[in-house]
Structure formats: C-alpha cells, structure tokens
$ cat final18.cif   # mmCIF, C-alpha atoms
data_start
#
loop_
_atom_site.label_atom_id
_atom_site.label_comp_id
_atom_site.auth_asym_id
_atom_site.auth_seq_id
_atom_site.Cartn_x
_atom_site.Cartn_y
_atom_site.Cartn_z
CA MET A 45 0.00 0.00 0.00
CA GLY A 46 1.17 3.53 -0.69
CA LYS A 47 -0.04 4.84 2.68
CA PRO A 48 2.19 4.63 5.77
CA VAL A 49 1.15 1.95 8.25
CA VAL A 50 1.12 2.58 12.02
CA ALA A 51 0.75 -0.43 14.35
CA ILE A 52 -0.47 -0.02 17.94
CA VAL A 53 1.02 -2.71 20.17
CA GLY A 54 1.33 -3.42 23.87
CA ARG A 55 0.32 -5.88 26.53
CA PRO A 56 -3.38 -6.57 27.12
CA ASN A 57 -5.76 -3.95 28.51
CA VAL A 58 -3.57 -0.84 28.31
CA GLY A 59 -5.92 1.07 25.97
CA LYS A 60 -4.77 0.10 22.47
CA SER A 61 -8.29 -0.18 21.08
CA GLN A 62 -9.32 3.12 22.66
CA LEU A 63 -6.39 4.86 20.95
CA PHE A 64 -7.22 3.07 17.69
CA ASN A 65 -10.82 4.30 17.81
CA ARG A 66 -9.66 7.86 18.48
CA LEU A 67 -7.27 7.81 15.53
CA ALA A 68 -9.91 6.23 13.30
CA GLY A 69 -12.44 8.87 14.36
CA LYS A 70 -15.12 6.27 15.07
CA ARG A 71 -15.73 3.26 17.26
CA LEU A 72 -14.42 0.42 15.12
CA SER A 73 -12.58 -1.63 17.71
CA ILE A 74 -14.29 -3.17 20.71
CA VAL A 75 -13.28 -1.51 23.99
CA GLU A 76 -13.85 -3.57 27.12
CA ASP A 77 -12.08 -3.88 30.47
CA THR A 78 -11.30 -7.51 29.71
CA PRO A 79 -7.82 -8.59 28.54
CA GLY A 80 -7.86 -10.33 25.17
CA VAL A 81 -10.92 -8.63 23.69
CA THR A 82 -9.06 -7.59 20.52
CA ARG A 83 -7.77 -10.79 18.96
CA ASP A 84 -7.16 -10.14 15.27
CA ARG A 85 -5.42 -7.30 13.46
CA LEU A 86 -7.88 -4.50 12.78
CA TYR A 87 -7.23 -1.83 10.13
CA ALA A 88 -8.61 1.68 9.67
CA ASP A 89 -7.70 4.80 7.71
CA SER A 90 -6.71 8.05 9.39
CA ASP A 91 -4.89 11.25 8.49
CA TRP A 92 -2.54 13.73 10.14
CA ARG A 93 -1.08 16.97 8.82
CA GLY A 94 -2.58 16.29 5.39
CA ARG A 95 -1.10 12.78 5.16
CA ASN A 96 -3.30 9.70 4.96
CA PHE A 97 -2.12 6.61 6.81
CA SER A 98 -3.41 3.22 7.94
CA VAL A 99 -3.54 2.29 11.60
CA ILE A 100 -3.59 -1.28 12.91
CA ASP A 101 -5.03 -2.32 16.25
CA THR A 102 -3.55 -5.56 17.56
CA GLY A 103 -4.35 -8.03 20.28
CA GLY A 104 -2.42 -7.67 23.52
CA ILE A 105 0.99 -9.33 23.56
CA GLU A 106 1.57 -11.84 26.34
CA PRO A 107 5.28 -12.73 25.93
CA SER A 108 4.99 -15.99 27.91
CA THR A 109 1.77 -17.98 27.72
CA ASP A 110 0.54 -21.51 27.05
CA ASN A 111 -2.93 -20.33 25.97
CA GLU A 112 -3.40 -21.04 22.26
CA ILE A 113 -5.52 -17.92 21.62
CA LEU A 114 -2.96 -15.69 23.39
CA LYS A 115 -0.14 -17.33 21.43
CA PHE A 116 -1.94 -16.57 18.20
CA MET A 117 -2.59 -12.99 19.34
CA ARG A 118 1.16 -12.60 19.81
CA PHE A 119 1.76 -14.00 16.33
CA GLN A 120 -0.77 -11.55 14.87
CA ALA A 121 0.88 -8.62 16.66
CA GLU A 122 4.27 -9.71 15.32
CA THR A 123 2.80 -9.83 11.81
CA ALA A 124 1.43 -6.30 12.25
CA ILE A 125 4.86 -5.12 13.41
CA HIS A 126 6.40 -6.67 10.31
CA HIS A 127 4.02 -4.74 8.00
CA ALA A 128 4.20 -1.43 9.90
CA ASP A 129 6.29 1.63 9.06
CA VAL A 130 5.96 3.03 12.60
CA ILE A 131 5.07 1.29 15.87
CA ILE A 132 3.24 2.97 18.74
CA PHE A 133 4.05 1.03 21.90
CA ILE A 134 1.38 1.84 24.46
CA THR A 135 1.83 1.39 28.23
CA ASP A 136 -0.30 2.15 31.30
CA LEU A 137 0.60 4.90 33.81
CA ARG A 138 -1.58 3.36 36.52
CA THR A 139 0.19 0.00 36.59
CA GLY A 140 3.67 1.36 35.86
CA ILE A 141 6.26 -0.72 34.04
CA THR A 142 5.51 -4.44 34.28
CA ALA A 143 7.65 -7.43 33.38
CA SER A 144 5.47 -7.89 30.28
CA ASP A 145 6.17 -4.28 29.23
CA GLU A 146 9.90 -4.93 29.50
CA ASP A 147 9.59 -8.13 27.45
CA VAL A 148 7.55 -6.37 24.73
CA ALA A 149 10.04 -3.48 24.67
CA ALA A 150 12.91 -5.93 24.22
CA MET A 151 11.03 -7.61 21.36
CA LEU A 152 10.36 -4.26 19.66
CA GLN A 153 13.99 -3.14 19.93
CA LYS A 154 14.98 -6.16 17.84
CA CYS A 155 12.48 -5.43 15.02
CA GLY A 156 14.42 -2.46 13.64
CA LYS A 157 11.29 -0.30 13.14
CA PRO A 158 10.79 3.26 14.49
CA ILE A 159 9.08 3.07 17.89
CA VAL A 160 7.03 5.80 19.57
CA LEU A 161 6.41 5.16 23.27
CA ALA A 162 3.01 6.24 24.62
CA VAL A 163 2.09 6.27 28.30
CA ASN A 164 -1.70 6.04 28.41
CA LYS A 165 -4.21 7.01 31.12
CA CYS A 166 -2.52 10.34 31.87
CA ASP A 167 -6.04 11.67 32.27
CA ARG A 168 -5.24 15.02 33.91
CA PRO A 169 -3.89 17.87 31.74
CA GLY A 170 -0.80 19.76 32.80
CA ALA A 171 2.44 18.44 34.24
CA PRO A 172 2.67 14.63 34.06
CA ASP A 173 2.42 12.44 37.13
CA PRO A 174 5.84 11.79 38.78
CA ASP A 175 5.39 8.07 37.98
CA PHE A 176 5.47 8.99 34.28
CA TYR A 177 9.24 9.40 34.27
CA GLU A 178 9.94 5.75 35.13
CA PHE A 179 8.98 4.86 31.53
CA TYR A 180 12.31 6.28 30.34
CA ASN A 181 13.75 3.08 31.81
CA LEU A 182 12.32 1.07 28.90
CA GLY A 183 15.12 2.47 26.72
CA LEU A 184 12.83 3.51 23.86
CA GLY A 185 13.50 7.24 23.99
CA GLU A 186 11.16 9.99 25.13
CA PRO A 187 7.73 8.75 26.23
CA PHE A 188 4.57 10.71 25.34
CA ALA A 189 1.91 11.24 28.00
CA ILE A 190 -1.53 10.63 26.47
CA SER A 191 -5.11 9.98 27.41
CA ALA A 192 -6.80 7.86 24.73
CA LEU A 193 -10.06 8.37 26.62
CA HIS A 194 -9.98 12.19 26.69
CA GLY A 195 -7.69 12.89 23.73
CA TYR A 196 -4.88 14.59 25.66
CA GLY A 197 -1.44 14.42 24.03
CA ILE A 198 -2.63 12.67 20.85
CA GLY A 199 -1.35 15.49 18.60
CA GLU A 200 2.19 15.27 19.99
CA LEU A 201 2.09 11.49 19.66
CA LEU A 202 1.04 11.71 16.00
CA ASP A 203 3.71 14.34 15.30
CA ALA A 204 6.32 11.87 16.56
CA ALA A 205 4.89 9.09 14.38
CA TYR A 206 4.62 11.45 11.38
CA ALA A 207 8.36 12.18 11.61
CA HIS A 208 9.02 8.52 10.74
CA PHE A 209 6.60 8.26 7.80
CA PRO A 210 8.30 7.20 4.54
CA ALA A 211 8.58 9.74 1.72
CA GLU A 212 5.21 10.54 0.20
CA GLU A 213 4.32 8.89 -3.09
CA ASP A 214 1.34 9.30 -5.36
CA ASP A 215 -1.39 7.17 -3.80
CA GLU A 216 -2.83 4.71 -6.25
CA SER A 217 -6.56 5.21 -6.62
CA ASP A 218 -8.69 2.63 -4.84
CA ALA A 219 -11.90 3.71 -6.55
CA ASP A 220 -12.07 0.38 -8.36
CA ARG A 221 -11.48 -1.70 -5.22
CA ILE A 222 -14.33 -4.11 -4.42
CA ARG A 223 -15.25 -4.48 -0.73
CA VAL A 224 -16.28 -8.05 0.08
CA ALA A 225 -17.90 -9.00 3.41
CA LEU A 226 -17.74 -12.63 4.50
CA ILE A 227 -20.89 -13.17 6.55
CA GLY A 228 -22.61 -16.14 8.18
CA LYS A 229 -23.32 -17.77 11.49
CA PRO A 230 -20.40 -18.63 13.80
CA ASN A 231 -17.97 -21.41 12.90
CA VAL A 232 -19.01 -21.68 9.26
CA GLY A 233 -15.47 -21.10 7.94
CA LYS A 234 -15.32 -17.36 7.25
CA SER A 235 -11.85 -16.91 8.72
CA SER A 236 -10.58 -20.07 7.00
CA LEU A 237 -11.76 -18.74 3.65
CA LEU A 238 -10.09 -15.38 4.25
CA ASN A 239 -6.80 -17.06 5.13
CA ARG A 240 -7.12 -19.25 2.01
CA VAL A 241 -7.66 -16.36 -0.43
CA LEU A 242 -4.87 -14.32 1.19
CA GLY A 243 -2.43 -17.20 1.40
CA GLU A 244 -1.51 -16.38 5.00
CA GLU A 245 -2.76 -16.94 8.55
CA ARG A 246 -4.40 -13.52 8.64
CA VAL A 247 -7.13 -14.23 11.22
CA ILE A 248 -7.58 -16.72 14.01
CA VAL A 249 -9.18 -20.02 13.00
CA SER A 250 -10.64 -22.14 15.79
CA GLU A 251 -13.39 -24.71 16.20
CA VAL A 252 -14.68 -22.57 19.09
CA ALA A 253 -17.65 -20.60 17.75
CA GLY A 254 -17.25 -16.85 18.15
CA THR A 255 -13.45 -16.71 17.89
CA THR A 256 -13.65 -13.75 15.51
CA ARG A 257 -15.10 -10.77 17.38
CA ASP A 258 -14.07 -7.73 15.36
CA SER A 259 -14.61 -7.18 11.65
CA VAL A 260 -11.19 -7.46 10.00
CA ASP A 261 -10.16 -5.82 6.71
CA ALA A 262 -7.56 -7.36 4.41
CA GLU A 263 -6.52 -6.01 1.00
CA LEU A 264 -5.67 -8.23 -1.94
CA GLU A 265 -4.81 -7.61 -5.57
CA ASN A 266 -4.65 -10.29 -8.29
CA GLU A 267 -5.42 -10.79 -11.98
CA HIS A 268 -9.14 -10.32 -11.28
CA GLY A 269 -8.77 -6.88 -9.68
CA LYS A 270 -8.40 -5.17 -6.28
CA PHE A 271 -10.35 -6.46 -3.30
CA THR A 272 -10.82 -5.63 0.36
CA PHE A 273 -12.08 -8.66 2.29
CA ILE A 274 -13.96 -8.08 5.53
CA ASP A 275 -14.03 -11.09 7.86
CA THR A 276 -16.86 -10.60 10.33
CA ALA A 277 -17.88 -12.08 13.64
CA GLY A 278 -20.59 -14.71 13.24
CA ILE A 279 -24.13 -13.40 13.61
CA ARG A 280 -26.04 -15.35 16.25
CA LYS A 281 -29.64 -15.37 17.36
CA LYS A 282 -30.37 -12.41 19.65
CA SER A 283 -31.35 -14.78 22.45
CA LYS A 284 -27.79 -16.11 22.46
CA VAL A 285 -26.11 -12.71 22.40
CA GLU A 286 -25.65 -12.35 26.12
CA GLU A 287 -22.06 -11.15 26.42
CA LYS A 288 -21.68 -7.40 25.99
CA ILE A 289 -18.65 -8.05 23.80
CA GLU A 290 -20.64 -10.33 21.49
CA LYS A 291 -23.39 -7.72 21.16
CA PHE A 292 -20.78 -5.34 19.79
CA SER A 293 -19.53 -8.10 17.44
CA VAL A 294 -23.00 -8.59 15.95
CA MET A 295 -23.23 -4.84 15.42
CA ARG A 296 -19.84 -4.87 13.65
CA SER A 297 -21.05 -7.63 11.32
CA LEU A 298 -24.14 -5.68 10.34
CA MET A 299 -21.99 -2.57 9.83
CA ALA A 300 -19.69 -4.64 7.61
CA VAL A 301 -22.67 -5.55 5.42
CA GLU A 302 -23.51 -1.87 5.09
CA ARG A 303 -20.05 -0.85 3.88
CA ALA A 304 -19.53 -3.86 1.59
CA ASP A 305 -20.14 -3.98 -2.16
CA VAL A 306 -20.47 -7.76 -2.26
CA CYS A 307 -21.63 -10.11 0.52
CA VAL A 308 -20.40 -13.69 0.49
CA ILE A 309 -23.04 -15.61 2.46
CA MET A 310 -21.39 -18.71 3.88
CA ILE A 311 -23.34 -21.87 4.69
CA ASP A 312 -22.06 -25.02 6.39
CA ALA A 313 -22.51 -27.92 3.95
CA THR A 314 -22.81 -30.39 6.83
CA GLU A 315 -25.79 -28.52 8.31
CA GLY A 316 -27.58 -27.08 5.26
CA VAL A 317 -29.58 -23.85 5.30
CA THR A 318 -30.69 -23.08 8.84
CA GLU A 319 -33.09 -20.46 10.16
CA GLN A 320 -30.13 -18.33 11.20
CA ASP A 321 -28.68 -18.55 7.66
CA THR A 322 -31.90 -17.08 6.28
CA LYS A 323 -31.65 -14.16 8.70
CA VAL A 324 -28.00 -13.50 7.88
CA ALA A 325 -28.68 -13.61 4.14
CA GLY A 326 -31.71 -11.39 4.67
CA GLU A 327 -29.50 -8.62 6.07
CA ALA A 328 -27.51 -8.53 2.81
CA HIS A 329 -30.63 -8.83 0.65
CA ASN A 330 -32.43 -6.00 2.45
CA ALA A 331 -29.35 -3.81 2.20
CA GLY A 332 -29.39 -4.23 -1.60
CA LYS A 333 -25.93 -5.77 -1.77
CA ALA A 334 -24.60 -8.04 -4.48
CA CYS A 335 -24.69 -11.57 -3.03
CA ILE A 336 -22.99 -14.91 -3.53
CA ILE A 337 -24.07 -18.03 -1.62
CA VAL A 338 -20.99 -20.08 -0.73
CA VAL A 339 -21.51 -23.60 0.60
CA ASN A 340 -18.35 -24.36 2.57
CA LYS A 341 -17.00 -27.71 3.90
CA TRP A 342 -18.12 -29.44 0.68
CA ASP A 343 -15.25 -31.91 1.17
CA LEU A 344 -17.09 -33.34 4.20
CA VAL A 345 -20.25 -34.26 2.25
CA GLU A 346 -20.68 -37.72 0.75
CA LYS A 347 -21.47 -37.20 -2.94
CA ASP A 348 -22.84 -38.93 -5.98
CA GLY A 349 -23.71 -37.58 -9.43
CA LYS A 350 -26.82 -35.72 -8.21
CA THR A 351 -25.63 -34.38 -4.85
CA MET A 352 -24.72 -30.86 -5.99
CA LYS A 353 -27.93 -30.40 -7.99
CA GLU A 354 -30.11 -31.64 -5.12
CA TYR A 355 -28.23 -29.49 -2.59
CA THR A 356 -28.65 -26.43 -4.81
CA LEU A 357 -32.41 -27.01 -4.86
CA ARG A 358 -32.42 -27.18 -1.04
CA VAL A 359 -30.45 -23.93 -0.85
CA ARG A 360 -32.88 -22.27 -3.26
CA GLU A 361 -35.79 -23.52 -1.16
CA GLY A 362 -34.24 -22.25 2.09
CA LEU A 363 -33.31 -18.85 0.59
CA ALA A 364 -36.32 -18.51 -1.70
CA TYR A 365 -36.30 -14.71 -1.52
CA MET A 366 -32.93 -14.46 -3.29
CA PRO A 367 -33.09 -16.72 -6.38
CA TYR A 368 -30.76 -14.29 -8.16
CA ALA A 369 -27.71 -15.21 -6.05
CA PRO A 370 -25.26 -17.71 -7.61
CA VAL A 371 -24.35 -20.76 -5.51
CA LEU A 372 -20.72 -21.90 -5.22
CA PHE A 373 -19.59 -25.10 -3.48
CA ILE A 374 -16.12 -24.83 -1.93
CA SER A 375 -13.77 -26.18 0.69
CA ALA A 376 -11.81 -23.40 2.39
CA LEU A 377 -9.72 -26.13 4.03
CA ASN A 378 -8.28 -27.63 0.83
CA GLY A 379 -8.97 -24.74 -1.58
CA GLN A 380 -11.53 -26.55 -3.75
CA ARG A 381 -13.14 -24.02 -6.18
CA VAL A 382 -11.96 -21.04 -4.11
CA SER A 383 -10.30 -19.58 -7.21
CA SER A 384 -13.74 -19.37 -8.88
CA LEU A 385 -14.91 -17.00 -6.16
CA PHE A 386 -13.07 -13.99 -7.61
CA GLU A 387 -14.75 -14.24 -11.01
CA LEU A 388 -18.15 -14.41 -9.31
CA ILE A 389 -17.35 -11.42 -7.09
CA VAL A 390 -16.44 -9.26 -10.10
CA GLN A 391 -19.49 -10.49 -12.03
CA VAL A 392 -22.07 -9.76 -9.31
CA TYR A 393 -20.41 -6.42 -8.48
CA GLU A 394 -20.75 -5.31 -12.10
CA GLN A 395 -24.38 -6.43 -12.22
CA ASN A 396 -25.13 -4.61 -8.96
CA HIS A 397 -23.72 -1.39 -10.49
CA ARG A 398 -25.23 -1.88 -13.96
CA ARG A 399 -27.22 0.96 -15.52
CA ILE A 400 -29.77 0.29 -18.29
CA PRO A 401 -30.72 3.12 -20.69
CA THR A 402 -34.31 4.35 -20.39
CA GLY A 403 -35.07 3.64 -24.05
CA GLN A 404 -34.08 0.00 -23.71
CA LEU A 405 -36.05 -0.36 -20.47
CA ASN A 406 -39.21 0.92 -22.08
CA SER A 407 -38.80 -1.49 -24.99
CA VAL A 408 -38.75 -4.33 -22.45
CA LEU A 409 -41.76 -2.75 -20.69
CA ALA A 410 -43.78 -2.50 -23.94
CA GLU A 411 -43.07 -6.13 -24.80
CA ALA A 412 -43.87 -7.31 -21.27
CA THR A 413 -47.21 -5.46 -21.06
CA ALA A 414 -48.18 -6.74 -24.51
CA ARG A 415 -47.47 -10.30 -23.42
CA VAL A 416 -49.28 -10.04 -20.05
CA GLN A 417 -51.86 -7.29 -19.67
CA PRO A 418 -51.55 -5.12 -16.52
CA PRO A 419 -54.13 -5.99 -13.82
CA THR A 420 -57.55 -4.40 -13.45
CA ASP A 421 -59.75 -3.67 -10.44
CA LYS A 422 -63.46 -2.83 -10.71
CA GLY A 423 -63.13 -2.10 -14.40
CA ARG A 424 -60.13 0.22 -13.98
CA ARG A 425 -56.94 -1.02 -15.66
CA LEU A 426 -53.40 -0.23 -14.59
CA LYS A 427 -51.55 1.90 -17.15
CA ILE A 428 -47.76 2.09 -16.97
CA TYR A 429 -46.57 5.18 -18.82
CA TYR A 430 -42.85 4.58 -18.71
CA MET A 431 -40.00 3.20 -16.63
CA THR A 432 -36.56 4.58 -15.82
CA GLN A 433 -33.62 3.49 -13.71
CA ALA A 434 -33.15 5.83 -10.76
CA SER A 435 -29.98 4.39 -9.23
CA THR A 436 -27.57 1.49 -9.01
CA ALA A 437 -26.31 -0.69 -6.12
CA PRO A 438 -28.89 -2.12 -6.24
CA PRO A 439 -30.49 -1.39 -9.64
CA THR A 440 -33.63 0.60 -8.79
CA PHE A 441 -36.37 1.12 -11.37
CA VAL A 442 -39.16 3.68 -11.11
CA CYS A 443 -42.45 2.94 -12.84
CA PHE A 444 -44.84 5.84 -13.54
CA CYS A 445 -48.49 4.76 -13.71
CA ASN A 446 -52.07 6.02 -13.47
CA ASP A 447 -52.92 4.43 -10.11
CA ALA A 448 -50.35 2.94 -7.73
CA ARG A 449 -53.06 0.90 -5.95
CA LEU A 450 -53.53 -1.19 -9.11
CA PHE A 451 -49.82 -2.04 -9.34
CA HIS A 452 -49.97 -5.40 -7.53
CA PHE A 453 -46.67 -6.79 -6.20
CA SER A 454 -47.08 -9.89 -8.37
CA TYR A 455 -47.04 -7.72 -11.50
CA GLN A 456 -43.98 -5.88 -10.17
CA ARG A 457 -42.29 -9.26 -9.78
CA TYR A 458 -43.33 -10.19 -13.33
CA LEU A 459 -41.70 -7.01 -14.70
CA GLU A 460 -38.58 -7.64 -12.64
CA ASN A 461 -38.32 -11.14 -14.11
CA GLN A 462 -38.72 -9.72 -17.63
CA ILE A 463 -35.86 -7.27 -17.02
CA ARG A 464 -33.69 -10.04 -15.59
CA GLY A 465 -34.53 -12.24 -18.58
CA VAL A 466 -33.06 -9.63 -20.92
CA TYR A 467 -30.22 -8.13 -18.87
CA GLY A 468 -29.35 -10.88 -16.38
CA LEU A 469 -28.65 -8.86 -13.24
CA ASP A 470 -27.30 -12.03 -11.64
CA GLY A 471 -26.25 -11.77 -8.04
CA THR A 472 -28.06 -8.53 -7.25
CA PRO A 473 -31.46 -7.70 -5.80
CA VAL A 474 -33.66 -5.34 -7.83
CA ARG A 475 -35.85 -2.59 -6.43
CA MET A 476 -39.14 -1.52 -8.08
CA VAL A 477 -40.56 1.89 -7.09
CA VAL A 478 -44.10 2.85 -8.17
CA ARG A 479 -45.00 6.49 -8.81
CA GLN A 480 -48.53 7.63 -9.54
CA ARG A 481 -49.14 10.41 -12.08
CA GLY A 482 -48.94 13.78 -10.35
CA GLU A 483 -46.98 12.32 -7.42
CA LYS A 484 -43.54 13.81 -6.75
#

$ encode --input "final18.cif" --output "structure tokens"
Amino acid sequence: MGKPVVAIVGRPNVGKSQLFNRLAGKRLSIVEDTPGVTRDRLYADSDWRGRNFSVIDTGGIEPSTDNEILKFMRFQAETAIHHADVIIFITDLRTGITASDEDVAAMLQKCGKPIVLAVNKCDRPGAPDPDFYEFYNLGLGEPFAISALHGYGIGELLDAAYAHFPAEEDDESDADRIRVALIGKPNVGKSSLLNRVLGEERVIVSEVAGTTRDSVDAELENEHGKFTFIDTAGIRKKSKVEEKIEKFSVMRSLMAVERADVCVIMIDATEGVTEQDTKVAGEAHNAGKACIIVVNKWDLVEKDGKTMKEYTLRVREGLAYMPYAPVLFISALNGQRVSSLFELIVQVYEQNHRRIPTGQLNSVLAEATARVQPPTDKGRRLKIYYMTQASTAPPTFVCFCNDARLFHFSYQRYLENQIRGVYGLDGTPVRMVVRQRGEK
C-alpha cells in the first residue's frame, strides 16, 4: 500500500483499542475492560497533517503464555509489526512498568522499526504524574503522555509518528477496489476462507464458535482486480447474544454488510440452510448488496452424481427470496473451487452497479405489457406510462403509472423477471418503485 502503516502494540488492557478508535475517528474496535478482547489485526484509515495513513489495532501481547488464543494474538501482533512503518508502543501509567512491558520493549527493539512510546491514562492535563518518568527506563526514547479516553497528548504522539513516515508517493486510486464482506453464522469457515484467499494466517481459525469478534479488513490484488475482504464475527440469534462483547460483534457484522459492495453468504454444507442462515442472508438482501451463496466444507459431504444439484435445490428452497444469487460449493480447508470465487465477485459487483438506458427499459416494458396485460380492479386497468432506472447498487427502477393501488406486487415481480430475462442482473437484488401520475 502507498499509505504509511502505524501499528499499535502493547500488553493486554492498556488502551490500544481506545487509541485506535480515536485515531480512526469512530468506534471500530471493541473496547472492554477484559484482557484479550481484541484478537485479530484490525485496520482503519486516518490522516494527520494532510497525510493519509493506515492504523492497525492488535491483540495484547503476552510474551509468555501456554494459551493457544494468546499465542496466536502474539503471532498476529508480530505480523502487524512486520508490515508497519511506525510502531506505537502503548503502556499504562496506573500500573507502571511491568515485566510484560519490559519483554515487549525488548522484542520491539529487535524489530528495527521506528518506535514511539506512549504512556496512556494520563487523564489530567498539565504536568505529568511523577510516575510517568519511570517509563524512560524502557530504553525507547522519550515517552509521550496521552489519554486515549480524553484525547490529551494525541497530537504530539502523531507528530512523533509522522516524523518517521516514509517519503510521500502518489497514492494509487482505490476507486475500483471491491469491498467483500464474508458473513454467516459462527464457525461456518469465514476466517478459514479469508486465510485461504490471502495465502496467510491472517485471522484466528478455531473450532470454538465466536473466535472472531471484530470485523477485520484485508486487501488483496490479483489478476481479477483489487479487493478488500472483511471477515466478520458470526451473527447469532439475539437470544444467544448475552455477552456485551458479542453484542458489539454482531453490530460490527451488520456494519460490515452496510459498507460492503459484495456479501459472500457462507453456509455449512454439513448442516444445510438453517433459520439463522436465512436471517444472515436477509441482512444482505435487504441492504441491496450483491450476493454470492458459498456452501463451505463441501469436502465433508458424501457425494454422488446428483448431490450438488439436489443441494442447490435445497439452498434455493431455504433462501427462496434471493433466487438471483449464484451458488458456489467450496472447501476453504483444501482450496476446492476457491479460485472461482473472484470471477463471481467481479461479475455480481458489475451487475449490482449496472445501468440500463431508459429507451431499452421501455422497450422491455412494452413487450412485457403486450405479453401479459396489466391488472384491473373494478373495471379500472393499470396503465404504466414509462420506466426509468433511478440508481444502481442495487439497480432501482421507477415505474410511472395512473394508479399505484392497481400495481400489484405480483405484476412488479413479473416485470422484474422480464428485465432479468433480458439483462441478467445475476447476483443482485432489484428494487421496483411505483410512482402515480402527479406524485412527486
């Protein structure tokens, strides 16, 4: 990436996510007084002194631990350090220097990257607390007193980081980058698929449902184009969302759907379409996003010559409201058909952003109304004067008629099917808006 990358690291529960949210300008990372809440690398864009940069929030580093999740969090933090141009090492004034702080500092000194030392929770403006000066003992240069909660000292901290930014280059335009959200219920294989397409252990994969809590962004460029993949926490039934942290995770997943261009709806092949799958897919459908239904763990299903066809029919039956979405059978574990996903993503994205000229639309309308007459009610017949496309993403068509009450939803669906029959519009929902003559 052309933008400088700043990684925020430190031991658990010192305020890394709070600083990340302040730099991002919005609450992207979960903040909770529980060590280990942030587990995966989390990216966001920020700017300082007219310079755009990326900031990475990382899980807390526990230098010595036997816990598998904590070990992986350390690995993820080390990966973030490797990709960063500048590292902000954040410590806690209230606890002072701990053995873990000293171990992390020793690890950072070996990485060869510029390090800016931040002492968080200096919540009172003015002269720093006398305990602040002990942080010089870490041997990382001048510490900066900050309050991630109140915003004190953040400007000075960013000035210090800015001094280490690499020389500015012309940023390559990301206007053609496709944002792809991987959504589904917990433990369906979203993180495994992300790691497979990226070719690295980018997010934690565990058989424990709910391992992914934050939404994680990862950029990728290949022969098919530029992509930003968003791995999201699994969306569970509201009755099961008891932990405050998990409530935030569900909210992040729904936010990820909103900012995505394409939603990859993942289904567990060993379970089939469940009630929760229909709700997850419904979020993407209602948001008007381009959609692909991906049936994962296909390697675990016993197959014969008709298995895929029969399974597709069951998927169509379970997700009857989105017959437009293509179905792809994959195995994120062994990579089966994963390469086909990129072609589908580009295809449905283009269909979701397709614009049809008004003249062509009205030719389809004239042919459709000649084939099937518009409905009547009490001797009054619906007259459709013309149709035009108002917007894309999703394609939205406005029909102007004599009486909106006569425009039954079944006839709207008929017209939608006629448009799809001519122009395809695979992978995208279609909106039909009815306007009565004289109505603004």

$ resolve_selection --input "final18.cif" --expression "the PyMOL selection byres ((chain A and resi 358-372) around 8)" --output "ChimeraX atom specification"
/A:316-318,322,325,329,334-339,354-357,373-374,381,385,469-473

$ resolve_selection --input "final18.cif" --expression "the PyMOL selection byres ((chain A and resi 129) around 6)" --output "PyMOL selection string"
chain A and resi 49+128+130

$ residues_around --input "final18.cif" --residues "Glu200 of chain A" --least-positions-apart "3" --cutoff "9 Å" --atoms "only C-alpha atoms" --output "list in words"
Phe188, Ala189, Ile190, Gly197, Asp203, Ala204 and Ala205 of chain A

$ resolve_selection --input "final18.cif" --expression "the PyMOL selection byres ((chain A and resi 272) around 9)" --output "number ranges by chain"
A: 221-225, 261-265, 270-271, 273-274, 304

$ closest_residue --input "final18.cif" --among "A:Val324, A:Leu202, A:Ala434, A:Ala124" --to "Arg398 of chain A" --atoms "all atoms listed in the file"
A:Ala434

$ build_atoms --input "final18.cif" --residues "segment 425-439 of chain A" --atoms "N, CA and C atoms" --output "PDB file, keeping the file's coordinate frame"
ATOM      1  N   ARG A 425     -58.172  -0.292 -15.324  1.00  0.00           N
ATOM      2  CA  ARG A 425     -56.940  -1.020 -15.660  1.00  0.00           C
ATOM      3  C   ARG A 425     -55.708  -0.182 -15.341  1.00  0.00           C
ATOM      4  N   LEU A 426     -54.682  -0.874 -14.843  1.00  0.00           N
ATOM      5  CA  LEU A 426     -53.400  -0.230 -14.590  1.00  0.00           C
ATOM      6  C   LEU A 426     -52.759   0.186 -15.914  1.00  0.00           C
ATOM      7  N   LYS A 427     -52.302   1.420 -15.995  1.00  0.00           N
ATOM      8  CA  LYS A 427     -51.550   1.900 -17.150  1.00  0.00           C
ATOM      9  C   LYS A 427     -50.160   2.325 -16.689  1.00  0.00           C
ATOM     10  N   ILE A 428     -49.145   1.728 -17.292  1.00  0.00           N
ATOM     11  CA  ILE A 428     -47.760   2.090 -16.970  1.00  0.00           C
ATOM     12  C   ILE A 428     -47.245   2.969 -18.098  1.00  0.00           C
ATOM     13  N   TYR A 429     -46.960   4.221 -17.782  1.00  0.00           N
ATOM     14  CA  TYR A 429     -46.570   5.180 -18.820  1.00  0.00           C
ATOM     15  C   TYR A 429     -45.135   4.961 -19.282  1.00  0.00           C
ATOM     16  N   TYR A 430     -44.241   4.878 -18.322  1.00  0.00           N
ATOM     17  CA  TYR A 430     -42.850   4.580 -18.710  1.00  0.00           C
ATOM     18  C   TYR A 430     -42.072   4.169 -17.460  1.00  0.00           C
ATOM     19  N   MET A 431     -40.864   3.675 -17.709  1.00  0.00           N
ATOM     20  CA  MET A 431     -40.000   3.200 -16.630  1.00  0.00           C
ATOM     21  C   MET A 431     -38.601   3.785 -16.834  1.00  0.00           C
ATOM     22  N   THR A 432     -37.926   4.089 -15.737  1.00  0.00           N
ATOM     23  CA  THR A 432     -36.560   4.580 -15.820  1.00  0.00           C
ATOM     24  C   THR A 432     -35.762   4.033 -14.642  1.00  0.00           C
ATOM     25  N   GLN A 433     -34.459   3.954 -14.811  1.00  0.00           N
ATOM     26  CA  GLN A 433     -33.620   3.490 -13.710  1.00  0.00           C
ATOM     27  C   GLN A 433     -33.151   4.690 -12.900  1.00  0.00           C
ATOM     28  N   ALA A 434     -33.465   4.687 -11.618  1.00  0.00           N
ATOM     29  CA  ALA A 434     -33.150   5.830 -10.760  1.00  0.00           C
ATOM     30  C   ALA A 434     -31.756   5.749 -10.171  1.00  0.00           C
ATOM     31  N   SER A 435     -31.286   4.523  -9.881  1.00  0.00           N
ATOM     32  CA  SER A 435     -29.980   4.390  -9.230  1.00  0.00           C
ATOM     33  C   SER A 435     -29.441   2.985  -9.418  1.00  0.00           C
ATOM     34  N   THR A 436     -28.206   2.806  -8.990  1.00  0.00           N
ATOM     35  CA  THR A 436     -27.570   1.490  -9.010  1.00  0.00           C
ATOM     36  C   THR A 436     -27.232   1.090  -7.569  1.00  0.00           C
ATOM     37  N   ALA A 437     -26.752  -0.137  -7.417  1.00  0.00           N
ATOM     38  CA  ALA A 437     -26.310  -0.690  -6.120  1.00  0.00           C
ATOM     39  C   ALA A 437     -27.351  -0.559  -5.027  1.00  0.00           C
ATOM     40  N   PRO A 438     -28.515  -1.209  -5.163  1.00  0.00           N
ATOM     41  CA  PRO A 438     -28.890  -2.120  -6.240  1.00  0.00           C
ATOM     42  C   PRO A 438     -29.593  -1.366  -7.374  1.00  0.00           C
ATOM     43  N   PRO A 439     -29.722  -2.006  -8.548  1.00  0.00           N
ATOM     44  CA  PRO A 439     -30.490  -1.390  -9.640  1.00  0.00           C
ATOM     45  C   PRO A 439     -31.919  -1.105  -9.178  1.00  0.00           C
TER      46      PRO A 439
END
